Each structure stands twice: as C-alpha cells, then as structure tokens.
$ cat input.cif   # mmCIF, N, CA and C atoms, pLDDT in the B column; chains and numbers go by the auth columns
data_model
#
loop_
_atom_site.group_PDB
_atom_site.id
_atom_site.type_symbol
_atom_site.label_atom_id
_atom_site.label_comp_id
_atom_site.label_asym_id
_atom_site.label_seq_id
_atom_site.Cartn_x
_atom_site.Cartn_y
_atom_site.Cartn_z
_atom_site.B_iso_or_equiv
_atom_site.auth_seq_id
_atom_site.auth_asym_id
ATOM 1 N N MET A 1 -5.309 -25.145 -37.522 51.00 1 A
ATOM 2 C CA MET A 1 -6.051 -23.947 -37.202 51.00 1 A
ATOM 3 C C MET A 1 -7.170 -23.792 -38.231 51.00 1 A
ATOM 4 N N SER A 2 -8.357 -23.409 -37.783 50.00 2 A
ATOM 5 C CA SER A 2 -9.503 -23.272 -38.678 50.00 2 A
ATOM 6 C C SER A 2 -9.372 -22.020 -39.542 50.00 2 A
ATOM 7 N N VAL A 3 -10.100 -22.018 -40.635 44.00 3 A
ATOM 8 C CA VAL A 3 -10.082 -20.871 -41.545 44.00 3 A
ATOM 9 C C VAL A 3 -10.602 -19.620 -40.847 44.00 3 A
ATOM 10 N N SER A 4 -11.653 -19.764 -40.039 47.00 4 A
ATOM 11 C CA SER A 4 -12.194 -18.592 -39.345 47.00 4 A
ATOM 12 C C SER A 4 -11.197 -18.045 -38.331 47.00 4 A
ATOM 13 N N LYS A 5 -10.460 -18.917 -37.661 46.00 5 A
ATOM 14 C CA LYS A 5 -9.444 -18.466 -36.708 46.00 5 A
ATOM 15 C C LYS A 5 -8.338 -17.696 -37.437 46.00 5 A
ATOM 16 N N ILE A 6 -7.914 -18.195 -38.590 42.00 6 A
ATOM 17 C CA ILE A 6 -6.889 -17.515 -39.376 42.00 6 A
ATOM 18 C C ILE A 6 -7.409 -16.154 -39.842 42.00 6 A
ATOM 19 N N ALA A 7 -8.632 -16.102 -40.324 41.00 7 A
ATOM 20 C CA ALA A 7 -9.211 -14.844 -40.790 41.00 7 A
ATOM 21 C C ALA A 7 -9.332 -13.846 -39.650 41.00 7 A
ATOM 22 N N THR A 8 -9.729 -14.302 -38.475 45.00 8 A
ATOM 23 C CA THR A 8 -9.843 -13.424 -37.320 45.00 8 A
ATOM 24 C C THR A 8 -8.490 -12.866 -36.922 45.00 8 A
ATOM 25 N N CYS A 9 -7.471 -13.694 -36.880 44.00 9 A
ATOM 26 C CA CYS A 9 -6.119 -13.241 -36.549 44.00 9 A
ATOM 27 C C CYS A 9 -5.623 -12.247 -37.582 44.00 9 A
ATOM 28 N N PHE A 10 -5.847 -12.538 -38.854 44.00 10 A
ATOM 29 C CA PHE A 10 -5.403 -11.657 -39.922 44.00 10 A
ATOM 30 C C PHE A 10 -6.080 -10.299 -39.814 44.00 10 A
ATOM 31 N N ALA A 11 -7.390 -10.280 -39.554 49.00 11 A
ATOM 32 C CA ALA A 11 -8.127 -9.025 -39.421 49.00 11 A
ATOM 33 C C ALA A 11 -7.609 -8.214 -38.242 49.00 11 A
ATOM 34 N N ALA A 12 -7.335 -8.853 -37.116 50.00 12 A
ATOM 35 C CA ALA A 12 -6.825 -8.146 -35.940 50.00 12 A
ATOM 36 C C ALA A 12 -5.469 -7.527 -36.224 50.00 12 A
ATOM 37 N N VAL A 13 -4.629 -8.221 -36.971 50.00 13 A
ATOM 38 C CA VAL A 13 -3.307 -7.693 -37.303 50.00 13 A
ATOM 39 C C VAL A 13 -3.434 -6.473 -38.194 50.00 13 A
ATOM 40 N N ILE A 14 -4.286 -6.535 -39.209 61.00 14 A
ATOM 41 C CA ILE A 14 -4.476 -5.406 -40.120 61.00 14 A
ATOM 42 C C ILE A 14 -5.021 -4.193 -39.369 61.00 14 A
ATOM 43 N N ILE A 15 -6.038 -4.394 -38.549 83.00 15 A
ATOM 44 C CA ILE A 15 -6.663 -3.298 -37.816 83.00 15 A
ATOM 45 C C ILE A 15 -5.689 -2.647 -36.839 83.00 15 A
ATOM 46 N N SER A 16 -4.804 -3.409 -36.246 88.00 16 A
ATOM 47 C CA SER A 16 -3.903 -2.862 -35.232 88.00 16 A
ATOM 48 C C SER A 16 -2.528 -2.503 -35.789 88.00 16 A
ATOM 49 N N ASP A 17 -2.373 -2.454 -37.099 90.00 17 A
ATOM 50 C CA ASP A 17 -1.133 -1.997 -37.732 90.00 17 A
ATOM 51 C C ASP A 17 -1.186 -0.477 -37.834 90.00 17 A
ATOM 52 N N PHE A 18 -0.862 0.193 -36.745 92.00 18 A
ATOM 53 C CA PHE A 18 -1.037 1.634 -36.658 92.00 18 A
ATOM 54 C C PHE A 18 0.036 2.436 -37.395 92.00 18 A
ATOM 55 N N ASN A 19 1.185 1.848 -37.644 92.00 19 A
ATOM 56 C CA ASN A 19 2.231 2.584 -38.375 92.00 19 A
ATOM 57 C C ASN A 19 2.271 2.210 -39.856 92.00 19 A
ATOM 58 N N ASP A 20 1.299 1.428 -40.291 90.00 20 A
ATOM 59 C CA ASP A 20 1.105 1.081 -41.705 90.00 20 A
ATOM 60 C C ASP A 20 2.310 0.413 -42.368 90.00 20 A
ATOM 61 N N ASP A 21 2.996 -0.456 -41.614 90.00 21 A
ATOM 62 C CA ASP A 21 4.120 -1.177 -42.217 90.00 21 A
ATOM 63 C C ASP A 21 3.729 -2.592 -42.652 90.00 21 A
ATOM 64 N N GLY A 22 2.445 -2.939 -42.535 86.00 22 A
ATOM 65 C CA GLY A 22 1.955 -4.226 -42.994 86.00 22 A
ATOM 66 C C GLY A 22 1.888 -5.311 -41.954 86.00 22 A
ATOM 67 N N GLU A 23 2.270 -5.010 -40.713 88.00 23 A
ATOM 68 C CA GLU A 23 2.198 -6.002 -39.647 88.00 23 A
ATOM 69 C C GLU A 23 2.060 -5.321 -38.298 88.00 23 A
ATOM 70 N N THR A 24 1.521 -6.070 -37.341 89.00 24 A
ATOM 71 C CA THR A 24 1.426 -5.561 -35.974 89.00 24 A
ATOM 72 C C THR A 24 2.670 -5.991 -35.221 89.00 24 A
ATOM 73 N N THR A 25 3.438 -4.998 -34.780 92.00 25 A
ATOM 74 C CA THR A 25 4.652 -5.250 -34.012 92.00 25 A
ATOM 75 C C THR A 25 4.697 -4.263 -32.851 92.00 25 A
ATOM 76 N N ILE A 26 5.705 -4.387 -32.039 93.00 26 A
ATOM 77 C CA ILE A 26 5.886 -3.465 -30.911 93.00 26 A
ATOM 78 C C ILE A 26 6.091 -2.032 -31.418 93.00 26 A
ATOM 79 N N ASP A 27 6.483 -1.874 -32.674 95.00 27 A
ATOM 80 C CA ASP A 27 6.652 -0.545 -33.255 95.00 27 A
ATOM 81 C C ASP A 27 5.330 0.206 -33.386 95.00 27 A
ATOM 82 N N ASP A 28 4.195 -0.502 -33.311 95.00 28 A
ATOM 83 C CA ASP A 28 2.884 0.140 -33.361 95.00 28 A
ATOM 84 C C ASP A 28 2.473 0.727 -32.009 95.00 28 A
ATOM 85 N N LEU A 29 3.127 0.308 -30.957 94.00 29 A
ATOM 86 C CA LEU A 29 2.747 0.732 -29.608 94.00 29 A
ATOM 87 C C LEU A 29 2.831 2.245 -29.388 94.00 29 A
ATOM 88 N N PRO A 30 3.892 2.942 -29.805 96.00 30 A
ATOM 89 C CA PRO A 30 3.921 4.397 -29.571 96.00 30 A
ATOM 90 C C PRO A 30 2.738 5.136 -30.201 96.00 30 A
ATOM 91 N N ASP A 31 2.349 4.732 -31.408 94.00 31 A
ATOM 92 C CA ASP A 31 1.190 5.358 -32.042 94.00 31 A
ATOM 93 C C ASP A 31 -0.067 5.113 -31.214 94.00 31 A
ATOM 94 N N PHE A 32 -0.235 3.883 -30.743 94.00 32 A
ATOM 95 C CA PHE A 32 -1.389 3.540 -29.927 94.00 32 A
ATOM 96 C C PHE A 32 -1.389 4.351 -28.626 94.00 32 A
ATOM 97 N N LEU A 33 -0.271 4.402 -27.952 95.00 33 A
ATOM 98 C CA LEU A 33 -0.203 5.102 -26.667 95.00 33 A
ATOM 99 C C LEU A 33 -0.417 6.605 -26.809 95.00 33 A
ATOM 100 N N SER A 34 -0.107 7.159 -27.966 96.00 34 A
ATOM 101 C CA SER A 34 -0.265 8.606 -28.169 96.00 34 A
ATOM 102 C C SER A 34 -1.732 9.041 -28.142 96.00 34 A
ATOM 103 N N VAL A 35 -2.649 8.109 -28.310 96.00 35 A
ATOM 104 C CA VAL A 35 -4.083 8.453 -28.293 96.00 35 A
ATOM 105 C C VAL A 35 -4.818 7.826 -27.110 96.00 35 A
ATOM 106 N N PHE A 36 -4.098 7.205 -26.192 96.00 36 A
ATOM 107 C CA PHE A 36 -4.718 6.550 -25.043 96.00 36 A
ATOM 108 C C PHE A 36 -5.540 7.564 -24.249 96.00 36 A
ATOM 109 N N GLY A 37 -6.775 7.208 -23.948 96.00 37 A
ATOM 110 C CA GLY A 37 -7.669 8.081 -23.189 96.00 37 A
ATOM 111 C C GLY A 37 -8.442 9.065 -24.051 96.00 37 A
ATOM 112 N N LYS A 38 -8.210 9.041 -25.346 96.00 38 A
ATOM 113 C CA LYS A 38 -8.871 9.970 -26.260 96.00 38 A
ATOM 114 C C LYS A 38 -9.862 9.222 -27.145 96.00 38 A
ATOM 115 N N ALA A 39 -10.641 9.965 -27.892 96.00 39 A
ATOM 116 C CA ALA A 39 -11.533 9.395 -28.894 96.00 39 A
ATOM 117 C C ALA A 39 -10.791 9.411 -30.229 96.00 39 A
ATOM 118 N N ALA A 40 -10.416 8.251 -30.709 94.00 40 A
ATOM 119 C CA ALA A 40 -9.693 8.125 -31.976 94.00 40 A
ATOM 120 C C ALA A 40 -10.175 6.846 -32.659 94.00 40 A
ATOM 121 N N PRO A 41 -11.152 6.965 -33.561 94.00 41 A
ATOM 122 C CA PRO A 41 -11.801 5.778 -34.132 94.00 41 A
ATOM 123 C C PRO A 41 -10.847 4.723 -34.698 94.00 41 A
ATOM 124 N N ARG A 42 -9.773 5.114 -35.329 92.00 42 A
ATOM 125 C CA ARG A 42 -8.858 4.126 -35.906 92.00 42 A
ATOM 126 C C ARG A 42 -8.261 3.192 -34.845 92.00 42 A
ATOM 127 N N TYR A 43 -8.075 3.691 -33.642 94.00 43 A
ATOM 128 C CA TYR A 43 -7.432 2.942 -32.566 94.00 43 A
ATOM 129 C C TYR A 43 -8.435 2.287 -31.616 94.00 43 A
ATOM 130 N N ASP A 44 -9.719 2.523 -31.836 94.00 44 A
ATOM 131 C CA ASP A 44 -10.764 2.030 -30.939 94.00 44 A
ATOM 132 C C ASP A 44 -11.102 0.576 -31.286 94.00 44 A
ATOM 133 N N LEU A 45 -10.266 -0.336 -30.840 92.00 45 A
ATOM 134 C CA LEU A 45 -10.392 -1.740 -31.201 92.00 45 A
ATOM 135 C C LEU A 45 -11.570 -2.440 -30.545 92.00 45 A
ATOM 136 N N ASP A 46 -12.042 -1.923 -29.407 92.00 46 A
ATOM 137 C CA ASP A 46 -13.186 -2.557 -28.749 92.00 46 A
ATOM 138 C C ASP A 46 -14.500 -1.831 -29.006 92.00 46 A
ATOM 139 N N GLY A 47 -14.450 -0.742 -29.753 92.00 47 A
ATOM 140 C CA GLY A 47 -15.656 -0.049 -30.188 92.00 47 A
ATOM 141 C C GLY A 47 -16.428 0.714 -29.135 92.00 47 A
ATOM 142 N N ASP A 48 -15.774 1.070 -28.017 95.00 48 A
ATOM 143 C CA ASP A 48 -16.516 1.781 -26.967 95.00 48 A
ATOM 144 C C ASP A 48 -16.405 3.305 -27.059 95.00 48 A
ATOM 145 N N GLY A 49 -15.699 3.818 -28.059 94.00 49 A
ATOM 146 C CA GLY A 49 -15.619 5.260 -28.262 94.00 49 A
ATOM 147 C C GLY A 49 -14.406 5.936 -27.661 94.00 49 A
ATOM 148 N N THR A 50 -13.701 5.282 -26.768 95.00 50 A
ATOM 149 C CA THR A 50 -12.522 5.853 -26.126 95.00 50 A
ATOM 150 C C THR A 50 -11.405 4.821 -26.120 95.00 50 A
ATOM 151 N N ILE A 51 -10.191 5.276 -26.318 96.00 51 A
ATOM 152 C CA ILE A 51 -9.044 4.372 -26.308 96.00 51 A
ATOM 153 C C ILE A 51 -8.669 4.095 -24.862 96.00 51 A
ATOM 154 N N GLY A 52 -8.763 2.828 -24.464 97.00 52 A
ATOM 155 C CA GLY A 52 -8.510 2.462 -23.077 97.00 52 A
ATOM 156 C C GLY A 52 -7.937 1.063 -22.948 97.00 52 A
ATOM 157 N N PHE A 53 -8.100 0.504 -21.769 96.00 53 A
ATOM 158 C CA PHE A 53 -7.495 -0.792 -21.459 96.00 53 A
ATOM 159 C C PHE A 53 -8.044 -1.916 -22.339 96.00 53 A
ATOM 160 N N GLY A 54 -9.330 -1.864 -22.644 95.00 54 A
ATOM 161 C CA GLY A 54 -9.914 -2.883 -23.523 95.00 54 A
ATOM 162 C C GLY A 54 -9.251 -2.881 -24.899 95.00 54 A
ATOM 163 N N ASP A 55 -8.969 -1.706 -25.400 95.00 55 A
ATOM 164 C CA ASP A 55 -8.277 -1.593 -26.692 95.00 55 A
ATOM 165 C C ASP A 55 -6.851 -2.115 -26.584 95.00 55 A
ATOM 166 N N PHE A 56 -6.216 -1.818 -25.467 95.00 56 A
ATOM 167 C CA PHE A 56 -4.850 -2.324 -25.254 95.00 56 A
ATOM 168 C C PHE A 56 -4.827 -3.849 -25.253 95.00 56 A
ATOM 169 N N LEU A 57 -5.822 -4.461 -24.601 94.00 57 A
ATOM 170 C CA LEU A 57 -5.874 -5.925 -24.583 94.00 57 A
ATOM 171 C C LEU A 57 -6.038 -6.497 -25.986 94.00 57 A
ATOM 172 N N LYS A 58 -6.859 -5.867 -26.802 92.00 58 A
ATOM 173 C CA LYS A 58 -7.038 -6.331 -28.182 92.00 58 A
ATOM 174 C C LYS A 58 -5.760 -6.116 -28.994 92.00 58 A
ATOM 175 N N PHE A 59 -5.069 -5.016 -28.759 93.00 59 A
ATOM 176 C CA PHE A 59 -3.790 -4.780 -29.422 93.00 59 A
ATOM 177 C C PHE A 59 -2.784 -5.857 -29.019 93.00 59 A
ATOM 178 N N ALA A 60 -2.724 -6.151 -27.721 92.00 60 A
ATOM 179 C CA ALA A 60 -1.791 -7.172 -27.234 92.00 60 A
ATOM 180 C C ALA A 60 -2.127 -8.530 -27.832 92.00 60 A
ATOM 181 N N GLU A 61 -3.400 -8.832 -27.986 89.00 61 A
ATOM 182 C CA GLU A 61 -3.812 -10.100 -28.602 89.00 61 A
ATOM 183 C C GLU A 61 -3.340 -10.168 -30.046 89.00 61 A
ATOM 184 N N ALA A 62 -3.493 -9.074 -30.784 87.00 62 A
ATOM 185 C CA ALA A 62 -3.037 -9.032 -32.174 87.00 62 A
ATOM 186 C C ALA A 62 -1.518 -9.151 -32.235 87.00 62 A
ATOM 187 N N LEU A 63 -0.845 -8.485 -31.322 87.00 63 A
ATOM 188 C CA LEU A 63 0.619 -8.571 -31.272 87.00 63 A
ATOM 189 C C LEU A 63 1.062 -9.993 -30.992 87.00 63 A
ATOM 190 N N ASN A 64 0.392 -10.658 -30.086 83.00 64 A
ATOM 191 C CA ASN A 64 0.709 -12.032 -29.743 83.00 64 A
ATOM 192 C C ASN A 64 0.447 -12.984 -30.902 83.00 64 A
ATOM 193 N N SER A 65 -0.581 -12.694 -31.714 77.00 65 A
ATOM 194 C CA SER A 65 -0.921 -13.599 -32.813 77.00 65 A
ATOM 195 C C SER A 65 0.076 -13.529 -33.964 77.00 65 A
ATOM 196 N N THR A 66 0.914 -12.502 -33.985 61.00 66 A
ATOM 197 C CA THR A 66 1.894 -12.370 -35.063 61.00 66 A
ATOM 198 C C THR A 66 3.198 -13.054 -34.738 61.00 66 A
ATOM 199 N N GLY A 67 3.417 -13.372 -33.491 56.00 67 A
ATOM 200 C CA GLY A 67 4.709 -13.921 -33.098 56.00 67 A
ATOM 201 C C GLY A 67 4.594 -15.310 -32.679 56.00 67 A
#
$ encode --input "input.cif" --output "structure tokens"
Amino acid sequence: MSVSKIATCFAAVIISDFNDDGETTIDDLPDFLSVFGKAAPRYDLDGDGTIGFGDFLKFAEALNSTG
C-alpha cells in the first residue's frame, strides 16, 4: 500500500471517530445518525453543509478501512 493511501485512510478514520475513542467503529454510528439531515460541521464528511447520504458513504468507507 502506498504512503498516500495509508495517510488517506488514517485521516478518514480520525475525522470519522465521532465518539473520540481513537478509532472508527460501529460505535460511532449512533453519534453520526443523531445529526443526520442537520448542519453539523464535525460530521460533514463530504463538505456539502448538511449531513446526508454522501457523508454516510464516507463514514462507511472509513469504517471499512479499519477492519
């Protein structure tokens, strides 16, 4: 795996660690879902201003990269 790929995966995991336990796991999902459809910058993984399906896909990608 390339260094840039590792750095990208690491950044996605840090950004999507919503419960601040140091990793992205299924335990982060309730925090994410609690703001779905709202404007919450910390959870706005795709940068469109609203928490939606695009953010969920990025969260799922980060979750997948940890396992």
$ resolve_selection --input "input.cif" --expression "the PyMOL selection byres ((chain A and resi 16-18) around 8)" --output "count of residues only"
25
$ atom_distance --input "input.cif" --atom1 "atom CA of Leu57 of chain A" --atom2 "atom CA of Asp44 of chain A"
11.3 Å
$ atom_distance --input "input.cif" --atom1 "atom C of Ala39 of chain A" --atom2 "atom C of Phe56 of chain A"
15.4 Å
$ atom_distance --input "input.cif" --atom1 "atom CA of Pro30 of chain A" --atom2 "atom CA of Gly49 of chain A"
19.6 Å
